[in-house]
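*Asks:* My structure file data_17.cif, mmCIF, C-alpha atoms, is below:
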```cif
data_model
#
loop_
_atom_site.label_atom_id
_atom_site.label_comp_id
_atom_site.auth_asym_id
_atom_site.auth_seq_id
_atom_site.Cartn_x
_atom_site.Cartn_y
_atom_site.Cartn_z
CA MET A 269 -1.85 -40.85 -1.11
CA SER A 270 -0.38 -44.24 -1.89
CA GLN A 271 2.47 -44.71 -4.32
CA THR A 272 0.08 -46.35 -6.82
CA SER A 273 -2.37 -43.47 -6.56
CA ARG A 274 0.43 -40.94 -7.01
CA GLU A 275 1.56 -42.71 -10.18
CA HIS A 276 -2.00 -42.68 -11.54
CA SER A 277 -2.46 -38.97 -10.74
CA ASP A 278 0.88 -38.10 -12.37
CA LYS A 279 -0.14 -39.88 -15.58
CA TYR A 280 -3.69 -38.54 -15.58
CA VAL A 281 -4.65 -36.19 -18.44
CA SER A 282 -7.14 -33.60 -17.27
CA LYS A 283 -10.20 -32.51 -19.22
CA TYR A 284 -11.57 -29.63 -17.18
CA LEU A 285 -8.95 -28.28 -14.74
CA GLU A 286 -5.40 -27.04 -15.22
CA ASN A 287 -4.39 -28.90 -12.06
CA LYS A 288 -4.57 -32.53 -13.16
CA LYS A 289 -3.99 -33.93 -9.67
CA VAL A 290 -7.02 -32.14 -8.26
CA GLU A 291 -9.15 -33.34 -11.17
CA TRP A 292 -7.83 -36.88 -10.70
CA LEU A 293 -8.85 -36.67 -7.02
CA ILE A 294 -12.36 -35.58 -8.06
CA GLU A 295 -12.73 -38.32 -10.65
CA HIS A 296 -10.81 -41.28 -9.19
CA GLY A 297 -9.60 -40.52 -5.67
CA LYS A 298 -10.78 -42.58 -2.72
CA ILE A 299 -12.47 -41.09 0.33
CA ARG A 300 -9.91 -39.38 2.64
CA GLU A 301 -7.30 -39.48 -0.12
CA ASN A 302 -5.58 -36.16 -0.75
CA VAL A 303 -3.25 -34.20 -2.96
CA TYR A 304 -1.27 -31.15 -1.90
CA PHE A 305 0.91 -28.43 -3.33
CA LYS A 306 2.93 -25.48 -2.06
CA GLY A 307 1.99 -21.90 -2.72
CA ALA A 308 3.65 -20.02 -5.56
CA THR A 309 6.18 -17.20 -5.23
CA GLY A 310 5.17 -14.89 -2.40
CA ASP A 311 3.12 -17.66 -0.78
CA ARG A 312 5.80 -20.32 -0.25
CA TYR A 313 4.98 -20.87 3.41
CA THR A 314 1.47 -22.09 2.62
CA ILE A 315 0.63 -25.70 1.76
CA TYR A 316 -2.74 -26.35 0.10
CA ILE A 317 -4.28 -29.73 0.82
CA ALA A 318 -7.24 -31.10 -1.17
CA THR A 319 -8.98 -34.02 0.56
CA LYS A 320 -11.81 -36.14 -0.76
CA ARG A 321 -14.57 -35.99 1.85
CA ASN A 322 -17.05 -38.20 0.04
CA LYS A 323 -17.99 -39.19 -3.48
CA ASN A 324 -18.94 -35.64 -4.51
CA ILE A 325 -17.01 -33.23 -2.27
CA ILE A 326 -13.38 -32.13 -2.14
CA ASP A 327 -12.26 -30.01 0.83
CA PHE A 328 -9.40 -27.52 0.59
CA HIS A 329 -7.43 -26.69 3.73
CA THR A 330 -4.23 -24.73 4.31
CA VAL A 331 -1.24 -25.51 6.49
CA PHE A 332 1.36 -22.86 7.25
CA ASN A 333 4.91 -24.21 7.22
CA ILE A 334 7.34 -21.49 8.28
CA TYR A 335 10.88 -22.73 8.68
CA ASP A 336 11.65 -20.89 11.92
CA HIS A 337 8.22 -21.18 13.58
CA GLY A 338 7.27 -24.76 12.77
CA THR A 339 3.97 -25.81 11.21
CA SER A 340 0.53 -24.56 12.15
CA VAL A 341 -2.98 -25.37 11.01
CA GLY A 342 -4.54 -22.88 8.63
CA ASN A 343 -8.10 -22.60 7.37
CA HIS A 344 -10.81 -24.49 5.57
CA ILE A 345 -10.76 -22.29 2.48
CA ALA A 346 -12.92 -23.95 -0.19
CA ILE A 347 -14.84 -26.98 -1.37
CA ILE A 348 -15.40 -28.44 -4.81
CA LYS A 349 -18.70 -30.20 -5.40
CA ASP A 350 -19.65 -31.36 -8.89
CA TYR A 351 -16.92 -29.06 -10.29
CA VAL A 352 -18.33 -26.02 -8.49
CA LEU A 353 -15.73 -24.16 -6.40
CA THR A 354 -17.21 -22.52 -3.29
CA MET A 355 -15.02 -20.23 -1.18
CA LYS A 356 -15.14 -20.92 2.55
CA GLY A 357 -13.71 -19.54 5.78
CA GLN A 358 -11.42 -16.56 6.08
CA ALA A 359 -7.78 -16.18 5.02
CA THR A 360 -6.67 -14.85 8.40
CA ARG A 361 -2.99 -14.78 7.47
CA TYR A 362 -3.59 -12.10 4.85
CA TRP A 363 -4.19 -8.43 5.60
CA ARG A 364 -6.63 -8.07 2.71
CA THR A 365 -10.20 -8.94 3.58
CA GLY A 366 -12.43 -11.41 1.76
CA ALA A 367 -11.53 -14.35 -0.46
CA GLY A 368 -9.49 -12.50 -3.09
CA GLU A 369 -6.02 -13.60 -1.96
CA THR A 370 -7.16 -17.20 -1.46
CA VAL A 371 -8.81 -17.61 -4.84
CA LYS A 372 -5.80 -15.96 -6.50
CA GLN A 373 -3.48 -18.56 -4.99
CA LEU A 374 -5.78 -21.43 -6.03
CA MET A 375 -5.86 -20.03 -9.56
CA ARG A 376 -2.05 -19.86 -9.63
CA GLN A 377 -2.01 -23.57 -8.75
CA GLY A 378 -4.35 -24.48 -11.59
CA VAL A 379 -7.65 -24.75 -9.72
CA CYS A 380 -9.37 -23.06 -12.64
CA PRO A 381 -10.73 -24.05 -16.10
CA ARG A 382 -8.24 -25.77 -18.37
CA ASP A 383 -9.79 -24.10 -21.42
CA HIS A 384 -7.76 -20.90 -21.88
CA SER A 385 -10.72 -19.16 -23.50
CA LYS A 386 -12.52 -19.46 -20.16
CA HIS A 387 -9.66 -18.27 -17.95
CA TRP A 388 -10.15 -15.78 -15.12
CA ARG A 389 -8.05 -12.77 -14.22
CA ILE A 390 -7.55 -11.31 -10.77
CA ARG A 391 -5.68 -8.26 -9.51
CA PHE A 392 -5.51 -6.16 -6.38
CA CYS A 393 -6.68 -2.60 -7.01
CA ARG A 394 -6.21 0.08 -4.34
CA SER A 395 -8.30 -1.52 -1.56
CA SER A 396 -9.92 -4.70 -2.94
CA TYR A 397 -9.39 -7.52 -5.38
CA PHE A 398 -10.99 -7.29 -8.83
CA MET A 399 -11.78 -10.60 -10.48
CA ARG A 400 -12.76 -10.64 -14.15
CA LEU A 401 -14.29 -13.65 -15.89
CA TYR A 402 -13.90 -14.42 -19.59
CA ASP A 403 -17.41 -13.07 -20.30
CA GLY A 404 -16.43 -9.64 -18.89
CA THR A 405 -18.13 -10.03 -15.51
CA GLU A 406 -16.07 -8.23 -12.83
CA PHE A 407 -16.50 -8.30 -9.05
CA THR A 408 -14.69 -8.50 -5.72
CA PRO A 409 -14.41 -12.12 -4.49
CA TRP A 410 -16.23 -12.96 -1.26
CA ILE A 411 -16.68 -15.86 1.15
CA GLY A 412 -19.48 -17.98 -0.32
CA MET A 413 -18.65 -17.21 -3.96
CA LYS A 414 -19.43 -20.10 -6.35
CA LEU A 415 -17.55 -20.62 -9.60
CA ASN A 416 -18.19 -23.34 -12.18
CA LEU A 417 -14.81 -24.90 -12.96
CA LYS A 418 -16.05 -26.33 -16.25
CA THR A 419 -17.81 -23.31 -17.74
CA GLY A 420 -15.81 -20.60 -15.91
CA LYS A 421 -19.02 -18.80 -14.89
CA LEU A 422 -20.06 -17.18 -11.63
CA LEU A 423 -23.08 -18.99 -10.21
CA ASN A 424 -24.29 -16.60 -7.51
CA LYS A 425 -24.61 -12.85 -7.07
CA PRO A 426 -22.07 -10.85 -5.05
CA VAL A 427 -23.14 -10.09 -1.49
CA ARG A 428 -23.60 -6.54 -0.23
CA GLU A 429 -20.10 -6.32 1.31
CA SER A 430 -18.53 -7.45 -1.97
CA VAL A 431 -20.48 -4.89 -4.00
CA LYS A 432 -19.56 -2.12 -1.57
CA ALA A 433 -15.85 -3.06 -1.58
CA TYR A 434 -15.84 -3.15 -5.38
CA LYS A 435 -17.50 0.26 -5.72
CA VAL A 436 -15.17 1.88 -3.18
CA ALA A 437 -12.08 0.45 -4.90
CA LYS A 438 -13.37 1.52 -8.33
CA ALA A 439 -14.00 5.08 -7.15
CA THR A 440 -10.61 5.23 -5.40
CA ASP A 441 -8.87 3.92 -8.51
CA LYS A 442 -10.63 6.45 -10.75
CA HIS A 443 -9.61 9.32 -8.47
CA ALA A 444 -6.01 8.07 -8.24
CA ARG A 445 -5.70 7.69 -12.02
CA LYS A 446 -7.04 11.19 -12.55
CA ALA A 447 -4.63 12.60 -9.96
CA ASN A 448 -1.72 10.70 -11.50
CA ALA A 449 -2.55 12.00 -14.95
CA LEU A 450 -2.58 15.57 -13.61
CA ALA A 451 0.75 15.03 -11.81
CA ASN A 452 2.31 13.60 -14.98
CA LYS A 453 1.06 16.61 -16.92
CA ASN A 454 2.43 19.03 -14.30
CA ASN A 455 5.81 17.32 -14.27
CA ALA A 456 6.07 17.13 -18.08
CA GLU A 457 5.18 20.80 -18.54
CA ALA A 458 7.59 21.86 -15.77
CA LEU A 459 10.36 19.83 -17.41
CA THR A 460 9.71 21.51 -20.75
CA ARG A 461 9.93 24.96 -19.16
CA TYR A 462 13.07 24.03 -17.21
CA HIS A 463 14.99 22.85 -20.27
CA ALA A 464 13.77 25.78 -22.37
CA ALA A 465 15.03 28.23 -19.72
CA LYS A 466 18.62 26.94 -20.16
CA GLY A 467 19.65 28.01 -16.68
CA ASN A 468 17.77 31.34 -16.64
CA PHE A 469 15.52 30.45 -13.71
CA ALA A 470 13.84 33.87 -13.81
CA LEU A 471 11.84 32.50 -16.75
CA LEU A 472 10.31 29.76 -14.57
CA PRO A 473 7.13 30.22 -12.52
CA MET A 474 7.79 29.87 -8.82
CA ASP A 475 5.21 27.10 -8.29
CA ASP A 476 7.21 24.79 -10.57
CA VAL A 477 9.13 23.96 -7.39
CA PHE A 478 6.06 21.89 -6.37
CA LYS A 479 5.55 20.26 -9.78
CA HIS A 480 8.97 18.71 -10.46
CA ARG A 481 9.61 15.12 -9.44
CA ASN A 482 13.33 15.67 -9.89
CA VAL A 483 14.78 16.88 -6.58
CA GLU A 484 17.71 18.63 -8.30
CA TYR A 485 15.38 20.76 -10.44
CA ARG A 486 13.25 21.64 -7.42
CA THR A 487 16.39 22.69 -5.52
CA ASP A 488 17.54 24.90 -8.40
CA ILE A 489 14.27 26.82 -8.43
CA LEU A 490 14.13 27.04 -4.63
CA ASN A 491 17.68 28.38 -4.44
CA PHE A 492 16.95 30.98 -7.12
CA TYR A 493 13.79 32.41 -5.55
CA GLY A 494 14.71 31.77 -1.91
CA LEU A 495 12.69 29.96 0.70
CA GLU A 496 11.14 33.16 2.08
CA LYS A 497 9.58 34.14 -1.26
CA VAL A 498 8.30 30.63 -1.90
CA LEU A 499 6.71 30.37 1.55
CA ALA A 500 5.13 33.81 1.08
CA THR A 501 2.98 32.39 -1.74
CA LEU A 502 1.50 29.66 0.48
CA GLU A 503 -1.19 29.53 3.11
CA THR A 504 0.39 30.03 6.54
CA LYS A 505 -0.61 30.14 10.20
CA ILE A 506 1.46 31.70 12.97
CA GLU A 507 1.57 29.13 15.78
CA ASP A 508 3.75 31.04 18.25
CA GLU A 509 5.90 34.16 18.66
CA ASP A 510 8.63 34.69 21.23
CA THR A 511 11.62 36.93 21.96
CA ILE A 512 14.61 35.14 23.41
CA ASP A 513 17.83 36.87 24.37
CA GLY A 514 16.81 39.91 22.30
CA ARG A 515 16.07 37.84 19.17
CA PHE A 516 12.56 37.63 17.76
CA TYR A 517 11.25 34.24 16.58
CA ARG A 518 8.06 33.01 14.96
CA LEU A 519 6.88 29.43 14.46
CA ILE A 520 4.92 29.28 11.22
CA ASN A 521 2.77 26.43 9.93
CA VAL A 522 2.85 26.26 6.13
CA ASN A 523 0.36 24.40 3.93
CA ILE A 524 2.69 22.82 1.36
CA PRO A 525 1.13 21.54 -1.90
CA ASP A 526 2.16 18.19 -3.36
CA LEU A 527 1.62 18.51 -7.11
CA ALA A 528 4.21 15.97 -8.24
CA SER A 529 3.16 12.70 -6.61
CA GLY A 530 -0.38 12.39 -7.96
CA GLN A 531 -1.81 12.45 -4.44
CA GLU A 532 -3.54 15.83 -4.82
CA ARG A 533 -2.81 16.63 -1.21
CA HIS A 534 -1.41 19.41 0.94
CA GLN A 535 0.62 18.84 4.06
CA TRP A 536 1.20 21.25 6.90
CA GLY A 537 4.83 21.74 7.91
CA LEU A 538 6.43 23.85 10.62
CA TYR A 539 9.12 26.46 9.91
CA LEU A 540 11.01 28.50 12.47
CA GLU A 541 11.44 32.13 11.35
CA MET A 542 14.37 33.99 12.89
CA ILE A 543 14.54 37.77 12.55
CA ASN A 544 18.04 39.20 12.29
CA PRO A 545 18.02 42.13 14.78
CA SER A 546 20.70 44.01 12.84
CA THR A 547 19.27 43.81 9.31
CA GLY A 548 15.65 42.83 9.92
CA GLU A 549 16.06 39.95 7.44
CA SER A 550 14.13 36.75 7.99
CA HIS A 551 15.78 33.32 8.00
CA PHE A 552 13.66 30.19 7.80
CA GLU A 553 14.50 26.72 9.03
CA GLY A 554 12.30 23.65 8.73
CA VAL A 555 11.63 21.88 12.03
CA ALA A 556 9.76 18.75 13.07
CA ASN A 557 5.98 18.73 13.25
CA ILE A 558 4.00 18.26 16.44
CA LYS A 559 3.07 14.73 17.51
CA SER A 560 -0.59 14.98 16.53
CA THR A 561 0.38 15.44 12.87
CA PHE A 562 1.19 11.74 12.58
CA SER A 563 -0.74 8.66 13.60
CA ASN A 564 2.29 6.37 13.61
CA GLY A 565 3.57 6.52 17.15
CA TRP A 566 7.07 5.27 16.35
CA ARG A 567 7.79 8.51 14.52
CA SER A 568 6.24 10.89 17.04
CA GLY A 569 9.13 10.52 19.52
CA GLY A 570 11.27 12.82 17.38
CA ASP A 571 8.58 15.45 16.89
CA LEU A 572 7.59 18.51 18.91
CA GLU A 573 5.47 18.12 22.02
CA SER A 574 3.76 21.43 21.22
CA ALA A 575 3.89 24.09 18.53
CA THR A 576 5.98 26.65 20.41
CA VAL A 577 9.13 28.56 19.51
CA LYS A 578 11.00 27.10 22.49
CA ALA A 579 10.04 23.52 21.57
CA ALA A 580 11.28 24.17 18.02
CA LEU A 581 14.56 25.60 19.35
CA SER A 582 14.91 22.60 21.67
CA TRP A 583 14.47 20.27 18.68
CA ARG A 584 16.95 22.28 16.57
CA ASP A 585 19.62 22.37 19.27
CA GLY A 586 19.10 18.77 20.46
CA ASP A 587 18.40 19.83 24.03
CA GLY A 588 16.15 16.82 24.62
CA ILE A 589 18.94 14.47 23.59
CA VAL A 590 21.37 16.11 26.01
CA GLN A 591 18.92 16.00 28.93
CA THR A 592 17.50 12.49 28.42
CA GLY A 593 20.32 10.68 26.66
CA GLN A 594 17.86 9.34 24.07
CA ALA A 595 19.10 9.75 20.53
CA TRP A 596 16.08 9.04 18.32
CA ASN A 597 12.99 9.75 20.43
CA ALA A 598 14.07 12.56 22.75
CA PRO A 599 11.15 14.90 23.52
CA SER A 600 11.32 18.50 22.33
CA THR A 601 9.30 20.63 24.71
CA THR A 602 8.94 24.23 25.81
CA ASN A 603 10.40 23.35 29.21
CA ASN A 604 13.56 21.54 28.11
CA TYR A 605 14.86 24.35 25.88
CA VAL A 606 18.25 25.56 27.10
CA PRO A 607 19.27 29.11 25.98
CA PRO A 608 22.82 29.23 24.60
CA VAL A 609 25.44 30.59 26.97
CA LYS A 610 27.70 33.31 25.61
CA MET A 611 31.37 32.40 25.72
CA THR A 612 33.66 35.19 26.95
#
```
Output the file's structure in the form of structure tokens.
*Replies:*
Amino acid sequence: MSQTSREHSDKYVSKYLENKKVEWLIEHGKIRENVYFKGATGDRYTIYIATKRNKNIIDFHTVFNIYDHGTSVGNHIAIIKDYVLTMKGQATRYWRTGAGETVKQLMRQGVCPRDHSKHWRIRFCRSSYFMRLYDGTEFTPWIGMKLNLKTGKLLNKPVRESVKAYKVAKATDKHARKANALANKNNAEALTRYHAAKGNFALLPMDDVFKHRNVEYRTDILNFYGLEKVLATLETKIEDEDTIDGRFYRLINVNIPDLASGQERHQWGLYLEMINPSTGESHFEGVANIKSTFSNGWRSGGDLESATVKAALSWRDGDGIVQTGQAWNAPSTTNNYVPPVKMT
């Protein structure tokens, strides 16, 4: 853009778009003339360039300008023809699919109706973007979407992928809101009971330990009832039993409810039960889960190779660390368990 053109675009008063420079380019720019602007907060490494292709068409491209990796070419993201915005290409730099992130950034830069009564709203909800027009129309943006920048209306129907993404996100959001409401109710009721008890924890139901979001309150209830009694109320599976040096052990898998986070989920967790040979009392100790419990491989290095008593004892005693010299991802296996040596 020449200095004269820049002066004209700066002084231009827009009629239809919030971004006056883009409207000036549409109305008065010469072919191959362009205007550009940086992305807003959270998108500062992206430069948006609007170029006049011919008398009727404006092309939008992106350039990625990252200070430590130089500049790289982005995507052809949209065109404007006769004040109709059509989404193009794919925003490959964003993990969210579709055109939602791209159109959001264009909106933040004023590529939208100037008339506030015709403004759009966009938000990310669970798994997809929801875009709402001033007339109440709501959908998930898609590549090929056409929006009238003067009237603020959607000009074509959402494609099948857009409809599916919208429905899935809506259903997920509804389920999450319902679960959150239940978790809030559980927590509020548990708090009321806790404060009313005034330290007499015998008045509290045992399952309040799973309903509190406050770790201190959960610990109070757990300490009062004891881990053995709490675990006895839950679904359990015995994974392994073994007698080592005259001491009997069991590795128990416990299905632990999560009633405080709003996730409505249960998670299996391993506990090592040690039987005191003198008193017959049980002592429980939480141990790592087996590798298959998690999909994220970076974490699995510190987990058990198999659900056995010896692997759990190896993990508890740090035998894998001693044998391999690895501090954070030492394997805990049945074979690398080292029985303690009695000191005389």
*Asks:* One decimal, in Å: what's the spacing between atom CA of Ile411 of chain A and atom CA of Ser385 of chain A?
*Replies:*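 Distance reported for this atom pair: 25.6 Å.
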*Asks:* Using all atoms listed in the file, determine which residues lie at most 10 Å from Pro473 of chain A, disregarding the query and same-chain residues fewer than 5 positions distant; provide the list as a compact mmCIF listing (two decimals) with C-alpha atoms, keeping the file's coordinate frame.
*Replies:*
```txt
# COMPACT_ATOMS: atom_id res chain seq x y z
CA ALA A 458 7.59 21.86 -15.77
CA ARG A 461 9.93 24.96 -19.16
CA TYR A 462 13.07 24.03 -17.21
CA ILE A 489 14.27 26.82 -8.43
CA TYR A 493 13.79 32.41 -5.55
```
*Asks:* List, as a PDB file with C-alpha atoms, in the frame of the given file, every residue that the PyMOL selection byres ((chain A and resi 350) around 8) selects in the file provided.
*Replies:*
```pdb
ATOM      1  CA  ASN A 324     -18.940 -35.640  -4.510  1.00  0.00           C
ATOM      2  CA  ILE A 325     -17.010 -33.230  -2.270  1.00  0.00           C
ATOM      3  CA  ILE A 348     -15.400 -28.440  -4.810  1.00  0.00           C
ATOM      4  CA  LYS A 349     -18.700 -30.200  -5.400  1.00  0.00           C
ATOM      5  CA  TYR A 351     -16.920 -29.060 -10.290  1.00  0.00           C
ATOM      6  CA  VAL A 352     -18.330 -26.020  -8.490  1.00  0.00           C
TER       7      VAL A 352
END
```
*Asks:* Tell me which residues come within 6 Å of (-19.3, -17.3, -8.4), as a PyMOL selection string, counting all atoms listed in the file in the file's coordinates.
*Replies:* chain A and resi 413-415+422-424
*Asks:* Can you spell out as number ranges by chain the set of residues that the PyMOL selection byres ((chain A and resi 332) around 6) selects in the structure I just provided?
*Replies:* A: 313-314, 331, 333, 339-340
*Asks:* May I have the protein, DNA and RNA residues with an atom at most 12 Å from (-5.9, -25.2, 3.6), counting all atoms listed in the file in the file's coordinates, returned as number ranges by chain?
*Replies:* A: 302-307, 313-319, 326-333, 340-347, 355-361, 370-371, 373-374
*Asks:* Suppose we keep C-alpha atoms; can you now write the selection as an mmCIF file, keeping the file's coordinate frame?
*Replies:*
```cif
data_model
loop_
_atom_site.group_PDB
_atom_site.id
_atom_site.type_symbol
_atom_site.label_atom_id
_atom_site.label_comp_id
_atom_site.auth_asym_id
_atom_site.auth_seq_id
_atom_site.Cartn_x
_atom_site.Cartn_y
_atom_site.Cartn_z
ATOM 1 C CA ASN A 302 -5.580 -36.160 -0.750
ATOM 2 C CA VAL A 303 -3.250 -34.200 -2.960
ATOM 3 C CA TYR A 304 -1.270 -31.150 -1.900
ATOM 4 C CA PHE A 305 0.910 -28.430 -3.330
ATOM 5 C CA LYS A 306 2.930 -25.480 -2.060
ATOM 6 C CA GLY A 307 1.990 -21.900 -2.720
ATOM 7 C CA TYR A 313 4.980 -20.870 3.410
ATOM 8 C CA THR A 314 1.470 -22.090 2.620
ATOM 9 C CA ILE A 315 0.630 -25.700 1.760
ATOM 10 C CA TYR A 316 -2.740 -26.350 0.100
ATOM 11 C CA ILE A 317 -4.280 -29.730 0.820
ATOM 12 C CA ALA A 318 -7.240 -31.100 -1.170
ATOM 13 C CA THR A 319 -8.980 -34.020 0.560
ATOM 14 C CA ILE A 326 -13.380 -32.130 -2.140
ATOM 15 C CA ASP A 327 -12.260 -30.010 0.830
ATOM 16 C CA PHE A 328 -9.400 -27.520 0.590
ATOM 17 C CA HIS A 329 -7.430 -26.690 3.730
ATOM 18 C CA THR A 330 -4.230 -24.730 4.310
ATOM 19 C CA VAL A 331 -1.240 -25.510 6.490
ATOM 20 C CA PHE A 332 1.360 -22.860 7.250
ATOM 21 C CA ASN A 333 4.910 -24.210 7.220
ATOM 22 C CA SER A 340 0.530 -24.560 12.150
ATOM 23 C CA VAL A 341 -2.980 -25.370 11.010
ATOM 24 C CA GLY A 342 -4.540 -22.880 8.630
ATOM 25 C CA ASN A 343 -8.100 -22.600 7.370
ATOM 26 C CA HIS A 344 -10.810 -24.490 5.570
ATOM 27 C CA ILE A 345 -10.760 -22.290 2.480
ATOM 28 C CA ALA A 346 -12.920 -23.950 -0.190
ATOM 29 C CA ILE A 347 -14.840 -26.980 -1.370
ATOM 30 C CA MET A 355 -15.020 -20.230 -1.180
ATOM 31 C CA LYS A 356 -15.140 -20.920 2.550
ATOM 32 C CA GLY A 357 -13.710 -19.540 5.780
ATOM 33 C CA GLN A 358 -11.420 -16.560 6.080
ATOM 34 C CA ALA A 359 -7.780 -16.180 5.020
ATOM 35 C CA THR A 360 -6.670 -14.850 8.400
ATOM 36 C CA ARG A 361 -2.990 -14.780 7.470
ATOM 37 C CA THR A 370 -7.160 -17.200 -1.460
ATOM 38 C CA VAL A 371 -8.810 -17.610 -4.840
ATOM 39 C CA GLN A 373 -3.480 -18.560 -4.990
ATOM 40 C CA LEU A 374 -5.780 -21.430 -6.030
#
```
